[in-house]
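Novice: Take this structure first; my questions come after.
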Amino acid sequence: MGGSGGARRRVSYRDDQQVRDSSLCPATREGRLESLPYTRGYHSPVTAILGRLCQLIGLLLLPIGLSYGLLKDNIGMEVRLLFIGGAFFVLGWLMSRQKS
């Protein structure tokens with residue numbers, strides 16, 4: 001008998017269902033989202049897009065605040081716009097970064 005080295009075991013529907021229901025299978029309901037390549041390590045894609053949008057708003061507010069302060073000689077408004085732009089950028093960075 002020079003075969004494949006052993007008898008094949010027949011897999012039934014019940015065995016297949018037990019494998020799907022076990023916690024070791026990465027495709028269970030709890031682990032399905034983490035197993036997708038585009039969501040691994042990130043929040044939802046919508047959160048990442050909104051985070052990038054907040055970063056863009058922050059980057060647009062910074063030069064507007066700087067130019068307003070230089071042209072109108074209003075330091076208080078310049079500092080307020082710079083702070084708001086920085087806050088938008090940090091908020092966007094926190095929203096779009098990867099999970100630890």
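Note on naming: chains are A, B, ... as they come in the structure tokens, residues start from 1 per chain, ligands start from 1 in the order shown.
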Might you pull out every residue within 7 Å of stretch 86-90 of chain A, with only C-alpha atoms counted and same-chain residues fewer than 2 positions away left off, and present them as JSON, numbers by chain?

Specialist: {"A": [54, 55, 57, 58, 59, 82, 83, 84, 92, 93, 94]}

Novice: For atom CA of A:Pro63 and atom CA of A:Leu50, determine how far apart the two atoms are, in Å to one decimal place.

Specialist: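 Spanning atom CA of A:Pro63 to atom CA of A:Leu50 is a straight-line distance of 21.1 Å.
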
Novice: How far is it from atom CA of A:Val79 to atom CA of A:Ala48, in Å with one decimal?

Specialist: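 Interatomic distance, atom CA of A:Val79 to atom CA of A:Ala48: 27.9 Å.
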
Novice: Mind giving me the straight-line distance from atom CA of A:Glu78 to atom CA of A:Leu60 in Å, one decimal?

Specialist: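 It comes out at 13.4 Å.
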